[in-house]
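Colleague: Please find entry.txt (compact mmCIF, C-alpha atoms) on the next line:
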```txt
# COMPACT_ATOMS: atom_id res chain seq x y z
CA MET A 203 -90.00 -18.31 -18.04
CA ALA A 204 -92.63 -15.96 -19.41
CA GLU A 205 -93.24 -14.69 -22.92
CA TYR A 206 -94.34 -11.11 -23.48
CA LYS A 207 -95.63 -9.55 -26.69
CA SER A 208 -96.02 -5.82 -27.31
CA ASP A 209 -96.16 -3.29 -30.09
CA LEU A 210 -93.38 -1.26 -28.48
CA LEU A 211 -90.69 -2.51 -26.11
CA ILE A 212 -88.77 0.15 -24.15
CA ILE A 213 -85.48 -1.02 -22.69
CA GLY A 214 -84.58 1.14 -19.69
CA SER A 215 -86.36 3.21 -17.07
CA GLY A 216 -84.57 6.53 -16.79
CA PRO A 217 -86.10 9.83 -17.93
CA ALA A 218 -85.94 8.74 -21.57
CA GLY A 219 -87.52 5.34 -21.02
CA TYR A 220 -90.32 6.53 -18.75
CA THR A 221 -91.17 9.47 -21.00
CA ALA A 222 -91.30 7.20 -24.05
CA GLY A 223 -93.70 4.96 -22.13
CA ILE A 224 -95.88 7.90 -21.13
CA TYR A 225 -96.22 9.09 -24.74
CA ALA A 226 -96.91 5.58 -25.99
CA ALA A 227 -99.58 4.99 -23.36
CA ARG A 228 -101.35 8.25 -24.19
CA ALA A 229 -101.39 7.19 -27.85
CA GLY A 230 -103.07 3.91 -26.97
CA ILE A 231 -100.03 1.84 -27.94
CA ASN A 232 -99.42 -1.54 -26.32
CA ALA A 233 -96.05 -0.60 -24.80
CA LEU A 234 -93.91 -2.37 -22.24
CA ILE A 235 -90.97 -1.03 -20.22
CA VAL A 236 -88.30 -3.42 -18.96
CA ALA A 237 -86.77 -1.40 -16.14
CA GLY A 238 -83.19 -2.71 -16.21
CA ALA A 239 -80.60 -3.15 -13.49
CA GLN A 240 -80.97 0.39 -12.14
CA LYS A 241 -84.58 1.46 -12.01
CA GLY A 242 -84.75 5.21 -12.49
CA GLY A 243 -81.37 5.42 -14.19
CA GLN A 244 -78.37 7.50 -13.19
CA LEU A 245 -80.54 10.42 -12.07
CA ILE A 246 -81.43 8.66 -8.82
CA ARG A 247 -77.83 9.32 -7.74
CA SER A 248 -78.19 13.10 -8.04
CA SER A 249 -78.62 14.84 -4.70
CA ILE A 250 -80.09 18.07 -6.09
CA VAL A 251 -82.04 18.69 -9.30
CA GLU A 252 -82.81 22.35 -9.95
CA ASN A 253 -83.02 22.47 -13.74
CA PHE A 254 -85.89 20.09 -14.55
CA PRO A 255 -88.91 22.19 -15.59
CA GLY A 256 -92.05 22.17 -13.51
CA PHE A 257 -90.64 22.25 -9.97
CA SER A 258 -90.32 25.55 -8.14
CA GLU A 259 -88.17 23.96 -5.44
CA ALA A 260 -85.11 21.74 -5.89
CA LEU A 261 -85.61 18.04 -5.30
CA SER A 262 -83.44 14.96 -5.30
CA GLY A 263 -82.97 12.87 -8.41
CA TYR A 264 -84.54 9.94 -6.60
CA ASP A 265 -87.67 11.94 -5.78
CA LEU A 266 -87.93 13.23 -9.34
CA MET A 267 -87.71 9.75 -10.81
CA GLU A 268 -90.28 8.47 -8.32
CA LYS A 269 -92.70 11.15 -9.54
CA ILE A 270 -92.08 10.28 -13.19
CA HIS A 271 -92.40 6.57 -12.40
CA GLN A 272 -95.74 7.13 -10.69
CA GLN A 273 -96.92 9.31 -13.57
CA ALA A 274 -96.17 6.47 -15.98
CA ILE A 275 -98.07 3.98 -13.82
CA ASN A 276 -101.05 6.32 -13.50
CA LEU A 277 -101.26 6.50 -17.30
CA GLY A 278 -101.29 2.71 -17.56
CA VAL A 279 -97.68 2.04 -18.58
CA LYS A 280 -96.73 -1.58 -17.91
CA ILE A 281 -93.34 -1.84 -16.21
CA ILE A 282 -91.48 -5.11 -15.58
CA ASP A 283 -88.61 -5.33 -13.09
CA ASP A 284 -86.20 -7.31 -15.22
CA GLU A 285 -83.07 -6.69 -17.29
CA ILE A 286 -82.67 -7.31 -21.01
CA THR A 287 -79.40 -9.19 -21.54
CA GLU A 288 -79.67 -10.28 -25.18
CA VAL A 289 -81.29 -8.84 -28.30
CA ASP A 290 -81.94 -10.15 -31.80
CA PHE A 291 -82.47 -7.43 -34.36
CA TYR A 292 -81.99 -9.67 -37.40
CA ASP A 293 -85.58 -10.88 -37.57
CA HIS A 294 -88.90 -9.06 -37.19
CA PRO A 295 -90.75 -8.94 -34.85
CA PHE A 296 -87.71 -8.40 -32.66
CA VAL A 297 -87.00 -10.81 -29.82
CA CYS A 298 -85.12 -9.96 -26.61
CA SER A 299 -84.18 -12.17 -23.68
CA SER A 300 -83.82 -11.18 -20.04
CA ALA A 301 -81.73 -12.04 -17.00
CA SER A 302 -84.75 -13.84 -15.55
CA GLY A 303 -85.12 -16.02 -18.61
CA ASN A 304 -88.11 -14.16 -20.00
CA SER A 305 -88.69 -13.58 -23.70
CA PHE A 306 -89.94 -10.28 -25.15
CA MET A 307 -91.29 -9.99 -28.69
CA SER A 308 -92.08 -6.58 -30.13
CA LYS A 309 -92.74 -4.79 -33.39
CA ALA A 310 -90.59 -1.79 -32.38
CA ILE A 311 -87.95 -1.09 -29.75
CA ILE A 312 -86.70 2.04 -28.02
CA ILE A 313 -83.27 1.63 -26.46
CA ALA A 314 -82.98 3.79 -23.34
CA THR A 315 -80.37 1.89 -21.36
CA GLY A 316 -78.56 5.04 -20.24
CA ALA A 317 -74.99 5.17 -19.02
CA SER A 318 -72.84 3.67 -16.27
CA VAL A 319 -70.19 5.05 -13.96
CA LYS A 320 -66.58 5.22 -15.11
CA TRP A 321 -64.10 3.99 -12.51
CA LEU A 322 -60.48 5.01 -12.06
CA GLY A 323 -59.20 1.60 -13.10
CA LEU A 324 -56.98 1.05 -10.06
CA PRO A 325 -56.69 -2.45 -8.56
CA SER A 326 -57.02 -0.89 -5.12
CA GLU A 327 -60.21 0.85 -6.23
CA GLN A 328 -61.86 -2.41 -7.23
CA LYS A 329 -60.75 -3.98 -3.96
CA TYR A 330 -62.55 -1.40 -1.83
CA ILE A 331 -65.73 -0.81 -3.86
CA GLY A 332 -68.49 -1.12 -1.30
CA HIS A 333 -65.95 -0.87 1.51
CA GLY A 334 -65.12 2.82 1.35
CA VAL A 335 -65.17 3.39 -2.41
CA SER A 336 -68.48 4.54 -3.90
CA SER A 337 -69.95 6.36 -6.87
CA CYS A 338 -73.04 7.62 -5.07
CA ALA A 339 -72.89 10.22 -2.32
CA THR A 340 -76.64 10.23 -1.86
CA CYS A 341 -76.57 6.47 -1.34
CA ASP A 342 -73.60 6.25 1.03
CA GLY A 343 -72.81 9.74 2.33
CA PHE A 344 -74.51 9.24 5.70
CA LEU A 345 -72.05 6.42 6.47
CA TYR A 346 -69.24 8.97 6.82
CA ARG A 347 -70.82 11.33 9.30
CA GLY A 348 -68.11 13.37 11.04
CA LYS A 349 -65.31 11.88 8.91
CA GLU A 350 -63.11 13.09 6.06
CA VAL A 351 -63.72 11.92 2.49
CA ALA A 352 -62.42 12.50 -1.03
CA VAL A 353 -64.39 13.17 -4.21
CA ILE A 354 -62.67 12.53 -7.56
CA GLY A 355 -63.74 14.54 -10.60
CA GLY A 356 -64.43 18.02 -11.91
CA GLY A 357 -67.85 17.94 -13.56
CA ASN A 358 -71.33 18.67 -12.26
CA SER A 359 -71.69 15.22 -10.73
CA ALA A 360 -68.45 15.48 -8.73
CA LEU A 361 -69.21 18.98 -7.46
CA GLU A 362 -72.79 18.12 -6.54
CA GLN A 363 -71.61 15.05 -4.64
CA ALA A 364 -69.00 17.11 -2.80
CA LEU A 365 -71.63 19.65 -1.76
CA TYR A 366 -74.03 16.96 -0.65
CA LEU A 367 -71.38 15.26 1.47
CA THR A 368 -70.75 18.46 3.44
CA ASN A 369 -74.12 17.83 5.10
CA TYR A 370 -72.55 14.85 6.87
CA VAL A 371 -68.76 14.90 6.84
CA GLU A 372 -66.14 17.01 8.53
CA LYS A 373 -64.03 17.59 5.42
CA VAL A 374 -64.23 16.96 1.66
CA TYR A 375 -61.10 16.82 -0.48
CA LEU A 376 -62.09 17.50 -4.08
CA ILE A 377 -59.45 16.10 -6.43
CA HIS A 378 -59.39 17.12 -10.08
CA ARG A 379 -56.77 16.37 -12.72
CA ARG A 380 -57.10 19.83 -14.31
CA HIS A 381 -56.94 23.42 -13.03
CA SER A 382 -60.55 24.30 -13.80
CA PHE A 383 -63.92 22.61 -13.39
CA ASN A 384 -66.22 21.55 -16.20
CA ALA A 385 -69.39 22.36 -14.29
CA GLU A 386 -72.15 24.94 -14.17
CA HIS A 387 -71.14 28.31 -12.78
CA VAL A 388 -73.66 28.27 -9.96
CA VAL A 389 -72.36 24.90 -8.73
CA GLN A 390 -68.74 26.07 -8.88
CA LYS A 391 -69.63 29.16 -6.86
CA ARG A 392 -71.09 27.00 -4.11
CA ILE A 393 -67.94 24.87 -4.05
CA PHE A 394 -65.62 27.87 -3.69
CA GLU A 395 -67.77 29.30 -0.90
CA ASN A 396 -67.95 26.09 1.14
CA ARG A 397 -65.33 26.00 3.90
CA LYS A 398 -65.60 22.24 4.30
CA ILE A 399 -64.21 21.67 0.80
CA THR A 400 -60.50 21.71 -0.07
CA ILE A 401 -59.59 21.49 -3.74
CA PHE A 402 -56.49 19.73 -5.07
CA TRP A 403 -56.00 20.96 -8.64
CA ASN A 404 -53.92 19.03 -11.19
CA ASN A 405 -53.96 15.88 -9.10
CA VAL A 406 -54.83 12.26 -9.75
CA VAL A 407 -55.27 9.30 -7.43
CA ASP A 408 -52.41 6.80 -7.58
CA GLU A 409 -53.62 4.41 -4.92
CA ILE A 410 -56.41 3.81 -2.46
CA ILE A 411 -55.12 2.54 0.87
CA GLY A 412 -56.94 0.57 3.52
CA THR A 413 -57.05 -2.35 5.90
CA GLU A 414 -57.53 -6.02 5.06
CA ASN A 415 -59.69 -7.33 7.88
CA PRO A 416 -62.10 -5.72 7.80
CA LEU A 417 -61.86 -4.13 4.35
CA GLU A 418 -61.91 -0.38 5.06
CA VAL A 419 -60.45 2.65 3.30
CA THR A 420 -58.02 4.63 5.47
CA GLY A 421 -56.50 7.00 2.92
CA ILE A 422 -55.42 7.78 -0.62
CA ARG A 423 -52.19 8.71 -2.30
CA ILE A 424 -52.52 11.50 -4.86
CA ARG A 425 -49.98 12.79 -7.39
CA ASN A 426 -49.63 16.22 -8.95
CA VAL A 427 -49.57 15.72 -12.73
CA LYS A 428 -47.31 18.75 -13.25
CA SER A 429 -44.74 18.40 -10.46
CA ASP A 430 -45.11 14.63 -9.90
CA LYS A 431 -45.19 15.40 -6.18
CA LYS A 432 -47.13 12.86 -4.13
CA LYS A 433 -49.26 13.43 -1.07
CA TYR A 434 -51.13 11.17 1.35
CA LEU A 435 -54.62 12.13 2.48
CA ASP A 436 -56.26 10.52 5.50
CA VAL A 437 -59.82 9.75 4.37
CA SER A 438 -62.44 7.15 5.24
CA GLY A 439 -64.35 7.29 1.97
CA VAL A 440 -63.65 7.87 -1.72
CA PHE A 441 -66.41 8.96 -4.12
CA VAL A 442 -65.56 8.53 -7.80
CA ALA A 443 -67.35 10.91 -10.19
CA ILE A 444 -65.24 11.07 -13.35
CA GLY A 445 -67.97 10.47 -15.89
CA HIS A 446 -70.01 7.75 -17.54
CA HIS A 447 -69.98 5.47 -20.56
CA PRO A 448 -73.09 4.56 -22.57
CA ASN A 449 -74.59 1.12 -21.95
CA THR A 450 -74.51 0.06 -25.60
CA GLU A 451 -72.20 -2.97 -25.72
CA MET A 452 -75.15 -5.34 -26.12
CA PHE A 453 -76.13 -3.56 -29.36
CA ARG A 454 -72.66 -3.28 -30.93
CA ARG A 455 -73.12 -6.17 -33.38
CA TYR A 456 -76.35 -4.67 -34.73
CA LEU A 457 -76.10 -0.89 -34.59
CA HIS A 458 -73.67 1.79 -35.69
CA LEU A 459 -71.83 3.26 -32.68
CA ASP A 460 -69.54 6.28 -32.73
CA SER A 461 -66.03 6.42 -31.26
CA GLY A 462 -67.43 7.07 -27.78
CA GLY A 463 -69.73 4.07 -27.93
CA TYR A 464 -72.91 6.14 -28.43
CA ILE A 465 -75.61 4.85 -30.76
CA VAL A 466 -75.72 6.86 -33.98
CA VAL A 467 -79.24 8.02 -34.85
CA LYS A 468 -80.49 9.58 -38.04
CA PRO A 469 -80.71 13.39 -38.30
CA GLN A 470 -83.93 15.01 -37.05
CA GLY A 471 -85.02 11.92 -35.19
CA ASN A 472 -84.12 8.97 -33.00
CA ALA A 473 -84.19 6.18 -35.58
CA THR A 474 -81.17 3.89 -35.83
CA ASP A 475 -79.99 2.22 -39.02
CA ILE A 476 -82.37 -0.69 -38.33
CA PRO A 477 -86.02 0.10 -39.14
CA GLY A 478 -88.16 -0.16 -36.03
CA VAL A 479 -85.27 0.33 -33.60
CA TYR A 480 -84.86 3.73 -31.91
CA ALA A 481 -82.50 5.13 -29.30
CA ALA A 482 -83.13 7.82 -26.69
CA GLY A 483 -81.29 9.48 -23.83
CA ASP A 484 -77.71 8.93 -22.73
CA VAL A 485 -77.16 6.00 -25.13
CA CYS A 486 -77.14 8.41 -28.05
CA ASN A 487 -76.60 11.78 -26.40
CA PRO A 488 -73.49 12.72 -24.39
CA TYR A 489 -75.05 15.73 -22.63
CA ARG A 490 -76.41 13.62 -19.72
CA GLN A 491 -79.18 16.05 -18.83
CA ALA A 492 -82.52 14.71 -17.58
CA VAL A 493 -84.60 17.17 -19.55
CA ILE A 494 -82.75 16.31 -22.79
CA ALA A 495 -83.17 12.58 -22.14
CA ALA A 496 -86.89 13.07 -21.49
CA GLY A 497 -87.24 15.04 -24.71
CA CYS A 498 -85.41 12.32 -26.63
CA GLY A 499 -87.74 9.72 -25.13
CA ALA A 500 -90.78 11.69 -26.26
CA ARG A 501 -89.42 12.14 -29.77
CA ALA A 502 -88.45 8.47 -30.08
CA ALA A 503 -91.93 7.40 -28.95
CA LEU A 504 -93.67 9.76 -31.37
CA GLN A 505 -91.52 8.51 -34.21
CA ALA A 506 -92.09 4.86 -33.30
CA ILE A 507 -95.85 5.42 -32.97
CA SER A 508 -96.05 7.08 -36.40
CA GLU A 509 -94.21 4.20 -38.03
CA LEU A 510 -95.95 1.27 -36.34
```
Could the structure of this file be written out as structure tokens, please?

Modeller:
Amino acid sequence: MAEYKSDLLIIGSGPAGYTAGIYAARAGINALIVAGAQKGGQLIRSSIVENFPGFSEALSGYDLMEKIHQQAINLGVKIIDDEITEVDFYDHPFVCSSASGNSFMSKAIIIATGASVKWLGLPSEQKYIGHGVSSCATCDGFLYRGKEVAVIGGGNSALEQALYLTNYVEKVYLIHRRHSFNAEHVVQKRIFENRKITIFWNNVVDEIIGTENPLEVTGIRIRNVKSDKKKYLDVSGVFVAIGHHPNTEMFRRYLHLDSGGYIVVKPQGNATDIPGVYAAGDVCNPYRQAVIAAGCGARAALQAISEL
């Protein structure tokens, strides 16, 4: 067990966390980032990033986060591969504990824990996670080369995953519970023009079907929400992309959360209702855009620095 002391503790290593660390380091602040369970945050799951300023060519979310990570290291940001599991905001300096049994004491804290994948909530889904059910096409898409797969969802993430999968698979069934997508126009246009993608509007997944030994997905049963008509699709993989929920449960007893579980920050800033505690990125902002998260991280760091 180790004990760490810093002026500023940043919990999370997505665009918000890394950017906060970069700004703190340039200000000469003794800052420490605890990376969390998913180093790089949700962005590492994005196959194509075209809207982050500074890159003339599209790049993967993983590559973008690697560049930001290296930038932080080059500026002297200290990053620890651990996960904060418990916080105490009642006393000051604040004390946090980690999964590895380490203790972190700090004068100020920026919460940048991001968001996690929402699942369908089906028992059959949980059964086959890691055995044909995934939330990351860039992680697992190559496993389904030449096969047929399904993508569930209608936002940018779902459409981007569907497009990425067409590089490997024979067929993508894109299943959405509504009759229109909630995604950027340019991404929708690519979906409609791709002959490998078949869209099932107004449909939901009722069951994921597969074998027992070994555990493998063999198909899904979908249901039309208007006609109640059911249909079986023969697929080897199911990629769930129906949204995210903010990783804020650990802070519920201390901070004010809204109805969606997002941390409420004060107007014109990133301060929470506890002095010295700030929030940045997807934990307090539902837009889930890397550039917005990075901007929030910068603003939170500047505010923390000015008040230290």

Colleague: Which of these residues is nearest to Thr315 (chain A), using only C-alpha atoms: A:Thr413, A:Asn253, A:Ser215, A:Asn396?

Modeller: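 Distance minimum relative to Thr315 (chain A) lands on A:Ser215.
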
Colleague: From the options A:Lys433, A:Arg247, A:Arg380, A:Lys398, which residue's atoms come nearest to Cys341 (chain A), counting only C-alpha atoms?

Modeller: A:Arg247

Colleague: Fewer than 2 positions away in the same chain doesn't count, so skip those; otherwise give me all residues within 12 Å of Ala473 (chain A), counting all atoms listed in the file, as a PyMOL selection string.

Modeller: chain A and resi 310-313+457-458+465-471+475-482+486+498-499+501-509

Colleague: Taking (-89.7, 7.3, -24.6) in the file's coordinates, which residues come within 6 Å, counting all atoms listed in the file, written as number ranges by chain?

Modeller: A: 218-223, 499-500, 502-503

Colleague: Separation of CA of Asn276 (chain A) and CA of Ile212 (chain A), in Å?

Modeller: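 Between CA of Asn276 (chain A) and CA of Ile212 (chain A) the gap works out to 17.4 Å.
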
Colleague: Using only C-alpha atoms, determine which residues lie at most 9 Å from region 231-240 of chain A, disregarding the query and same-chain residues fewer than 3 positions distant; provide the list as a PyMOL selection string.

Modeller: chain A and resi 206-216+219-220+223+225-228+243-244+246+279-286+308+315+507

Colleague: Please dump the current selection as a PDB file, in the coordinates of the input; keep C-alpha atoms.

Modeller:
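result_0.pdb, written as the output of this step:
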```pdb
ATOM      1  CA  TYR A 206     -94.340 -11.110 -23.480  1.00  0.00           C
ATOM      2  CA  LYS A 207     -95.630  -9.550 -26.690  1.00  0.00           C
ATOM      3  CA  SER A 208     -96.020  -5.820 -27.310  1.00  0.00           C
ATOM      4  CA  ASP A 209     -96.160  -3.290 -30.090  1.00  0.00           C
ATOM      5  CA  LEU A 210     -93.380  -1.260 -28.480  1.00  0.00           C
ATOM      6  CA  LEU A 211     -90.690  -2.510 -26.110  1.00  0.00           C
ATOM      7  CA  ILE A 212     -88.770   0.150 -24.150  1.00  0.00           C
ATOM      8  CA  ILE A 213     -85.480  -1.020 -22.690  1.00  0.00           C
ATOM      9  CA  GLY A 214     -84.580   1.140 -19.690  1.00  0.00           C
ATOM     10  CA  SER A 215     -86.360   3.210 -17.070  1.00  0.00           C
ATOM     11  CA  GLY A 216     -84.570   6.530 -16.790  1.00  0.00           C
ATOM     12  CA  GLY A 219     -87.520   5.340 -21.020  1.00  0.00           C
ATOM     13  CA  TYR A 220     -90.320   6.530 -18.750  1.00  0.00           C
ATOM     14  CA  GLY A 223     -93.700   4.960 -22.130  1.00  0.00           C
ATOM     15  CA  TYR A 225     -96.220   9.090 -24.740  1.00  0.00           C
ATOM     16  CA  ALA A 226     -96.910   5.580 -25.990  1.00  0.00           C
ATOM     17  CA  ALA A 227     -99.580   4.990 -23.360  1.00  0.00           C
ATOM     18  CA  ARG A 228    -101.350   8.250 -24.190  1.00  0.00           C
ATOM     19  CA  GLY A 243     -81.370   5.420 -14.190  1.00  0.00           C
ATOM     20  CA  GLN A 244     -78.370   7.500 -13.190  1.00  0.00           C
ATOM     21  CA  ILE A 246     -81.430   8.660  -8.820  1.00  0.00           C
ATOM     22  CA  VAL A 279     -97.680   2.040 -18.580  1.00  0.00           C
ATOM     23  CA  LYS A 280     -96.730  -1.580 -17.910  1.00  0.00           C
ATOM     24  CA  ILE A 281     -93.340  -1.840 -16.210  1.00  0.00           C
ATOM     25  CA  ILE A 282     -91.480  -5.110 -15.580  1.00  0.00           C
ATOM     26  CA  ASP A 283     -88.610  -5.330 -13.090  1.00  0.00           C
ATOM     27  CA  ASP A 284     -86.200  -7.310 -15.220  1.00  0.00           C
ATOM     28  CA  GLU A 285     -83.070  -6.690 -17.290  1.00  0.00           C
ATOM     29  CA  ILE A 286     -82.670  -7.310 -21.010  1.00  0.00           C
ATOM     30  CA  SER A 308     -92.080  -6.580 -30.130  1.00  0.00           C
ATOM     31  CA  THR A 315     -80.370   1.890 -21.360  1.00  0.00           C
ATOM     32  CA  ILE A 507     -95.850   5.420 -32.970  1.00  0.00           C
TER      33      ILE A 507
END
```

Colleague: Tell me which of A:Val437, A:Asn415, A:Lys428, A:Val335 sits closest to Tyr375 (chain A), counting all atoms listed in the file.

Modeller: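 Nearest candidate to Tyr375 (chain A) out of A:Val437, A:Asn415, A:Lys428, A:Val335: A:Val437.
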
Colleague: Looking at all atoms listed in the file, which of A:Gly316, A:Gly323, A:Gly355, A:Gly230 is the one that sits closest to Tyr464 (chain A)?

Modeller: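 Answer, going by the shortest atom-to-atom distance: A:Gly316.
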
Colleague: Extract, using all atoms listed in the file, all DNA, RNA and protein residues at most 7 Å from Gly334 (chain A), discarding same-chain residues fewer than 6 positions from it, and format them as a list in words.

Modeller: Glu418, Val419, Ser438, Gly439 and Val440 of chain A

Colleague: Could you tell me which of A:Asn404, A:Thr368, A:Ser336, A:Ser326 comes closest to Gly356 (chain A) if we count all atoms listed in the file?

Modeller: A:Asn404

Colleague: Check the smallest atom-to-atom distance from each of A:Gln328, A:Gln272, A:Asn369, A:Asn405 to Arg347 (chain A) using all atoms listed in the file, then report the winner.

Modeller: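 Of all the options, A:Asn369 lies closest to Arg347 (chain A).
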
Colleague: Need the neighbours of (-53.8, 18.5, -2.5): which residues are at most 10 Å away, counting all atoms listed in the file, as JSON, numbers by chain?

Modeller: {"A": [375, 376, 377, 378, 400, 401, 402, 403, 404, 405, 406, 423, 424, 425, 426, 431, 432, 433, 434, 435]}

Colleague: Extract, using all atoms listed in the file, all DNA, RNA and protein residues at most 12 Å from Gly256 (chain A), discarding same-chain residues fewer than 6 positions from it, and format them as a count of residues only.

Modeller: 4

Colleague: What separation in Å, quoted to one decimal, exists between CA of Ser258 (chain A) and CA of Pro488 (chain A)?

Modeller: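 Straight-line distance from CA of Ser258 (chain A) to CA of Pro488 (chain A) works out to 26.7 Å.
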
Colleague: CA of Ala495 (chain A) to CA of Leu277 (chain A): how many Å, to one decimal?

Modeller: 19.7 Å

Colleague: Name all residues at most 7 Å from Asp436 (chain A) (count only C-alpha atoms; drop same-chain ones fewer than 3 positions away) and give them as a PyMOL selection string.

Modeller: chain A and resi 420-422
